[in-house]
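Below is one structure, written out as structure tokens, with a few remarks after it.
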Amino acid sequence: MDKKYKVFISSTKNDLKEERKKIQDTLLSMGCIPQNMETFYATDLSTWDHLKNVLSTCDYCVIIVAARYGSICEQTGKSFTQMEYEYAKFINIPIGRFLHEDPDSLPFIFHDETEEKKIKYRNFREELQEGQVVKYWSNADDLCCLIAVTIHQFIIANMSKRLSKTETNKQKMLPTVGMLPLSLSHF
């Protein structure tokens, strides 16, 4: 792979530490550049402005949801994970959606504490599933396989688009008979 694709990893952090680390390793092994909180540098930008800047440079985004809504931005009342998803949609980059297949089976410590967050979590989970292809996972290894296949498919689709554009541009550049010099028009 000539191009190094940047993949933004969006998820809650503390409950998905193992999964985030394995996803990062999987993406690195594929020759991709993972972008997540663990790779961010110190900056004087607000968290949200920095997240937008990083996400804007990415080729793809993966959203991972288990049983927690996540940290809420005071200005919007939404979780950063939801805001990242909405921003990725806004800037029109391909998004892989990965939801835990049975969040109720996860330990209680990995669930939201407040009823307000539980409601927001359910609404966000429903939003992710509305009219979209979603993959369901049950463990970190399963999740990494699903993400690897999805990113691979995104790359193939991206290459197909680039090849299609190249072919279209080549066809536009081909001269028509009326445009050929007289010495070549007899062919």
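So you can find residues: chains in the structure tokens are A, B, ... in the order shown, residues in each start at 1, and ligands are numbered from 1 in order.
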
Go through range 62-94 of chain A and flag each residue having an atom no more than 12 Å from range 153-162 of chain A; for those, report the closest pair of atoms plus their distance in Å to one decimal, using only C-alpha atoms, ordered by chain and rising number, as a tab-separated table.
residue	atom	partner	partner_atom	distance
A:Val62	CA	A:Phe154	CA	11.2
A:Ile93	CA	A:Phe154	CA	10.2
A:Pro94	CA	A:Phe154	CA	7.3

Mind checking which residues fall within 9 Å of range 14-18 of chain A, counting only C-alpha atoms, ignoring those fewer than 6 positions away in the same chain, and posting them as a VMD selection string? chain A and resid 64 to 68 109 to 111 140

Dump N, CA and C atoms for the selected residues as a PDB file, in the first residue's frame?
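As written to disk, result.pdb reads:
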ATOM      1  N   ILE A  64     -16.765   2.830  17.917  1.00  0.00           N
ATOM      2  CA  ILE A  64     -16.930   1.614  18.708  1.00  0.00           C
ATOM      3  C   ILE A  64     -17.784   1.952  19.925  1.00  0.00           C
ATOM      4  N   VAL A  65     -18.871   1.215  20.085  1.00  0.00           N
ATOM      5  CA  VAL A  65     -19.773   1.457  21.210  1.00  0.00           C
ATOM      6  C   VAL A  65     -19.981   0.143  21.950  1.00  0.00           C
ATOM      7  N   ALA A  66     -19.798   0.205  23.266  1.00  0.00           N
ATOM      8  CA  ALA A  66     -20.042  -0.974  24.114  1.00  0.00           C
ATOM      9  C   ALA A  66     -21.288  -0.689  24.944  1.00  0.00           C
ATOM     10  N   ALA A  67     -21.115  -0.298  26.214  1.00  0.00           N
ATOM     11  CA  ALA A  67     -22.270  -0.096  27.094  1.00  0.00           C
ATOM     12  C   ALA A  67     -22.275   1.280  27.754  1.00  0.00           C
ATOM     13  N   ARG A  68     -21.407   2.165  27.286  1.00  0.00           N
ATOM     14  CA  ARG A  68     -21.266   3.461  27.945  1.00  0.00           C
ATOM     15  C   ARG A  68     -21.403   4.586  26.921  1.00  0.00           C
ATOM     16  N   ILE A 109     -19.557  -2.114  36.008  1.00  0.00           N
ATOM     17  CA  ILE A 109     -18.641  -0.959  36.041  1.00  0.00           C
ATOM     18  C   ILE A 109     -18.437  -0.353  34.656  1.00  0.00           C
ATOM     19  N   PHE A 110     -18.804  -1.076  33.595  1.00  0.00           N
ATOM     20  CA  PHE A 110     -18.655  -0.562  32.234  1.00  0.00           C
ATOM     21  C   PHE A 110     -19.944   0.064  31.703  1.00  0.00           C
ATOM     22  N   HIS A 111     -20.920   0.292  32.595  1.00  0.00           N
ATOM     23  CA  HIS A 111     -22.187   0.917  32.213  1.00  0.00           C
ATOM     24  C   HIS A 111     -22.251   2.326  32.783  1.00  0.00           C
ATOM     25  N   ALA A 140     -12.566  -8.354  21.964  1.00  0.00           N
ATOM     26  CA  ALA A 140     -11.571  -7.494  21.306  1.00  0.00           C
ATOM     27  C   ALA A 140     -11.042  -8.104  20.008  1.00  0.00           C
TER      28      ALA A 140
END

Restricting the calculation to only C-alpha atoms, which member of A:Phe80, A:Phe98, A:Phe108, A:Tyr121 is positioned closest to Asp142 in chain A?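 Going through A:Phe80, A:Phe98, A:Phe108, A:Tyr121 one by one, the smallest distance to Asp142 in chain A is for A:Phe98.
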
From the list A:Ile91, A:Val134, A:Leu143, A:Ala148, the nearest residue to Asn53 in chain A using only C-alpha atoms is A:Ile91

Residue contacts of Asp112 in chain A (7 Å, only C-alpha atoms) excluding same-chain residues fewer than 3 positions away, as number ranges by chain: A: 68-69, 117-118

Write out as a list in words the set of residues from range 47-178 of chain A that DSSP, computed on the backbone, places in strand (DSSP E or B).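 Of range 47-178 of chain A, the ones in strand (DSSP E or B) are Tyr60, Cys61, Val62, Ile63, Ile64, Val65, Ile72, Ser79, Ile95, Gly96, Arg97, Phe98, Leu99, His100, Val134, Lys135, Tyr136 and Trp137 of chain A.
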
Surrounding residues of range 20-31 of chain A excluding itself and chain neighbours under 5 positions, 9 Å, only C-alpha atoms, as an NGL selection string: :A and (1 or 3-5 or 7 or 9 or 11 or 13 or 36 or 140-141 or 143-145 or 147-148 or 151-152)

Put those residues in a file: N, CA and C atoms, as a short mmCIF file (atom, residue, chain, number, x, y, z; two decimals), in the first residue's frame.
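Okay, this is what ended up in out_14.cif:
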data_model
loop_
_atom_site.label_atom_id
_atom_site.label_comp_id
_atom_site.auth_asym_id
_atom_site.auth_seq_id
_atom_site.Cartn_x
_atom_site.Cartn_y
_atom_site.Cartn_z
N MET A 1 0.85 -1.17 0.00
CA MET A 1 0.00 0.00 0.00
C MET A 1 0.90 1.23 0.00
N LYS A 3 -0.12 4.60 -0.11
CA LYS A 3 -0.64 5.64 0.77
C LYS A 3 -0.81 5.08 2.18
N LYS A 4 -0.48 5.88 3.15
CA LYS A 4 -0.71 5.53 4.55
C LYS A 4 -2.04 6.16 4.97
N TYR A 5 -3.05 5.32 5.14
CA TYR A 5 -4.37 5.81 5.49
C TYR A 5 -4.47 6.09 6.98
N VAL A 7 -6.74 6.50 10.23
CA VAL A 7 -8.01 5.99 10.72
C VAL A 7 -8.26 6.56 12.12
N ILE A 9 -10.05 6.53 15.57
CA ILE A 9 -10.69 5.56 16.46
C ILE A 9 -11.52 6.35 17.47
N SER A 11 -14.31 6.13 20.46
CA SER A 11 -15.01 5.28 21.43
C SER A 11 -14.85 5.90 22.80
N LYS A 13 -13.29 5.69 26.44
CA LYS A 13 -11.89 5.31 26.66
C LYS A 13 -11.68 4.28 27.78
N ASN A 36 -6.07 8.45 17.70
CA ASN A 36 -6.95 8.35 18.87
C ASN A 36 -6.36 9.15 20.01
N ALA A 140 -12.57 -8.35 21.96
CA ALA A 140 -11.57 -7.49 21.31
C ALA A 140 -11.04 -8.10 20.01
N ASP A 141 -10.80 -9.42 20.01
CA ASP A 141 -10.27 -10.06 18.79
C ASP A 141 -11.29 -10.01 17.66
N LEU A 143 -13.68 -7.81 17.32
CA LEU A 143 -13.76 -6.41 16.91
C LEU A 143 -12.62 -6.04 15.96
N CYS A 144 -11.41 -6.46 16.29
CA CYS A 144 -10.25 -6.15 15.44
C CYS A 144 -10.38 -6.76 14.05
N CYS A 145 -10.88 -7.99 13.99
CA CYS A 145 -11.10 -8.64 12.68
C CYS A 145 -12.12 -7.86 11.87
N ILE A 147 -12.94 -4.71 12.13
CA ILE A 147 -12.38 -3.41 11.72
C ILE A 147 -11.38 -3.60 10.59
N ALA A 148 -10.53 -4.62 10.67
CA ALA A 148 -9.55 -4.87 9.59
C ALA A 148 -10.25 -5.10 8.25
N ILE A 151 -11.88 -1.67 7.08
CA ILE A 151 -10.89 -0.71 6.57
C ILE A 151 -10.34 -1.20 5.24
N HIS A 152 -10.09 -2.49 5.11
CA HIS A 152 -9.64 -3.05 3.84
C HIS A 152 -10.66 -2.75 2.72
#

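Proximity ranking of A:Asp44, A:Gln35, A:Glu116, A:Gln82 relative to Asp59 in chain A places A:Gln35 first, based on only C-alpha atoms.
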
List as an MDAnalysis selection string the protein and nucleic acid residues near Ser56 in chain A, meaning an atom at most 10 Å away when only C-alpha atoms are counted, but skip any in the same chain fewer than 2 places from it. chainID A and resid 8 50:54 58:60 87:88 91:93

What would the file look like if the residues just selected were written as a short mmCIF file (atom, residue, chain, number, x, y, z; two decimals), in the first residue's frame with all heavy atoms?
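File produced: result_6.cif:
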data_model
loop_
_atom_site.label_atom_id
_atom_site.label_comp_id
_atom_site.auth_asym_id
_atom_site.auth_seq_id
_atom_site.Cartn_x
_atom_site.Cartn_y
_atom_site.Cartn_z
N PHE A 8 -9.35 7.27 12.27
CA PHE A 8 -9.72 7.84 13.56
C PHE A 8 -10.49 6.80 14.36
O PHE A 8 -11.47 6.23 13.87
CB PHE A 8 -10.58 9.09 13.35
CG PHE A 8 -10.81 9.89 14.59
CD1 PHE A 8 -9.93 10.89 14.95
CD2 PHE A 8 -11.90 9.63 15.40
CE1 PHE A 8 -10.13 11.63 16.12
CE2 PHE A 8 -12.12 10.36 16.56
CZ PHE A 8 -11.23 11.37 16.91
N HIS A 50 -9.45 20.34 18.97
CA HIS A 50 -8.35 19.44 18.62
C HIS A 50 -8.89 18.17 17.96
O HIS A 50 -8.34 17.71 16.94
CB HIS A 50 -7.51 19.10 19.85
CG HIS A 50 -6.29 18.32 19.54
ND1 HIS A 50 -5.28 18.81 18.74
CD2 HIS A 50 -5.92 17.06 19.88
CE1 HIS A 50 -4.34 17.89 18.62
NE2 HIS A 50 -4.70 16.82 19.29
N LEU A 51 -9.96 17.60 18.51
CA LEU A 51 -10.56 16.41 17.91
C LEU A 51 -11.00 16.68 16.47
O LEU A 51 -10.76 15.87 15.57
CB LEU A 51 -11.75 15.93 18.73
CG LEU A 51 -11.43 15.26 20.06
CD1 LEU A 51 -12.69 15.14 20.92
CD2 LEU A 51 -10.80 13.91 19.84
N LYS A 52 -11.63 17.83 16.23
CA LYS A 52 -12.06 18.18 14.87
C LYS A 52 -10.86 18.30 13.93
O LYS A 52 -10.92 17.83 12.79
CB LYS A 52 -12.86 19.48 14.87
CG LYS A 52 -14.25 19.34 15.42
CD LYS A 52 -15.12 20.56 15.14
CE LYS A 52 -14.52 21.84 15.62
NZ LYS A 52 -15.41 23.00 15.48
N ASN A 53 -9.80 18.95 14.40
CA ASN A 53 -8.61 19.09 13.57
C ASN A 53 -8.04 17.74 13.17
O ASN A 53 -7.69 17.50 12.02
CB ASN A 53 -7.53 19.92 14.28
CG ASN A 53 -7.85 21.39 14.33
OD1 ASN A 53 -8.75 21.87 13.64
ND2 ASN A 53 -7.13 22.11 15.16
N VAL A 54 -7.93 16.84 14.14
CA VAL A 54 -7.38 15.51 13.87
C VAL A 54 -8.31 14.74 12.94
O VAL A 54 -7.88 14.16 11.94
CB VAL A 54 -7.13 14.74 15.17
CG1 VAL A 54 -6.74 13.29 14.89
CG2 VAL A 54 -6.04 15.43 16.00
N CYS A 58 -8.22 12.75 8.66
CA CYS A 58 -8.32 11.29 8.54
C CYS A 58 -9.05 10.86 7.27
O CYS A 58 -9.89 11.58 6.74
CB CYS A 58 -9.02 10.71 9.77
SG CYS A 58 -8.01 10.84 11.25
N ASP A 59 -8.69 9.66 6.81
CA ASP A 59 -9.34 9.08 5.64
C ASP A 59 -10.59 8.30 6.03
O ASP A 59 -11.55 8.23 5.25
CB ASP A 59 -8.37 8.12 4.93
CG ASP A 59 -7.12 8.84 4.48
OD1 ASP A 59 -7.23 9.66 3.54
OD2 ASP A 59 -6.04 8.60 5.06
N TYR A 60 -10.57 7.70 7.22
CA TYR A 60 -11.67 6.86 7.69
C TYR A 60 -11.87 7.06 9.18
O TYR A 60 -10.98 7.53 9.88
CB TYR A 60 -11.36 5.37 7.41
CG TYR A 60 -10.94 5.11 6.00
CD1 TYR A 60 -9.65 4.69 5.70
CD2 TYR A 60 -11.82 5.31 4.94
CE1 TYR A 60 -9.25 4.46 4.39
CE2 TYR A 60 -11.43 5.10 3.63
CZ TYR A 60 -10.16 4.67 3.36
OH TYR A 60 -9.77 4.47 2.07
N TYR A 87 -19.51 14.66 13.39
CA TYR A 87 -18.55 15.46 12.61
C TYR A 87 -18.00 14.65 11.44
O TYR A 87 -17.85 15.19 10.33
CB TYR A 87 -17.42 15.97 13.51
CG TYR A 87 -16.54 16.97 12.79
CD1 TYR A 87 -17.03 18.24 12.47
CD2 TYR A 87 -15.24 16.65 12.40
CE1 TYR A 87 -16.24 19.15 11.80
CE2 TYR A 87 -14.45 17.56 11.73
CZ TYR A 87 -14.95 18.81 11.43
OH TYR A 87 -14.17 19.72 10.75
N ALA A 88 -17.72 13.37 11.64
CA ALA A 88 -17.25 12.52 10.54
C ALA A 88 -18.30 12.46 9.43
O ALA A 88 -17.97 12.50 8.24
CB ALA A 88 -16.92 11.12 11.05
N ILE A 91 -18.23 15.89 7.57
CA ILE A 91 -17.12 16.07 6.62
C ILE A 91 -17.06 14.95 5.60
O ILE A 91 -16.16 14.92 4.75
CB ILE A 91 -15.76 16.25 7.34
CG1 ILE A 91 -15.39 15.03 8.17
CG2 ILE A 91 -15.76 17.53 8.17
CD1 ILE A 91 -14.00 15.10 8.77
N ASN A 92 -18.02 14.04 5.69
CA ASN A 92 -18.22 13.00 4.66
C ASN A 92 -17.05 12.04 4.50
O ASN A 92 -16.62 11.77 3.38
CB ASN A 92 -18.57 13.67 3.32
CG ASN A 92 -19.30 12.73 2.41
OD1 ASN A 92 -20.04 11.86 2.86
ND2 ASN A 92 -19.08 12.88 1.12
N ILE A 93 -16.53 11.53 5.63
CA ILE A 93 -15.53 10.47 5.51
C ILE A 93 -16.21 9.14 5.83
O ILE A 93 -17.17 9.10 6.61
CB ILE A 93 -14.28 10.70 6.40
CG1 ILE A 93 -14.62 10.70 7.88
CG2 ILE A 93 -13.56 11.97 6.01
CD1 ILE A 93 -13.39 10.74 8.76
#

Those of chain A in DSSP helix (DSSP H, G or I), formatted as a PyMOL selection string: chain A and resi 14-29+37-39+47-56+80-90+103-105+108-110+115-129+140-173+177-179
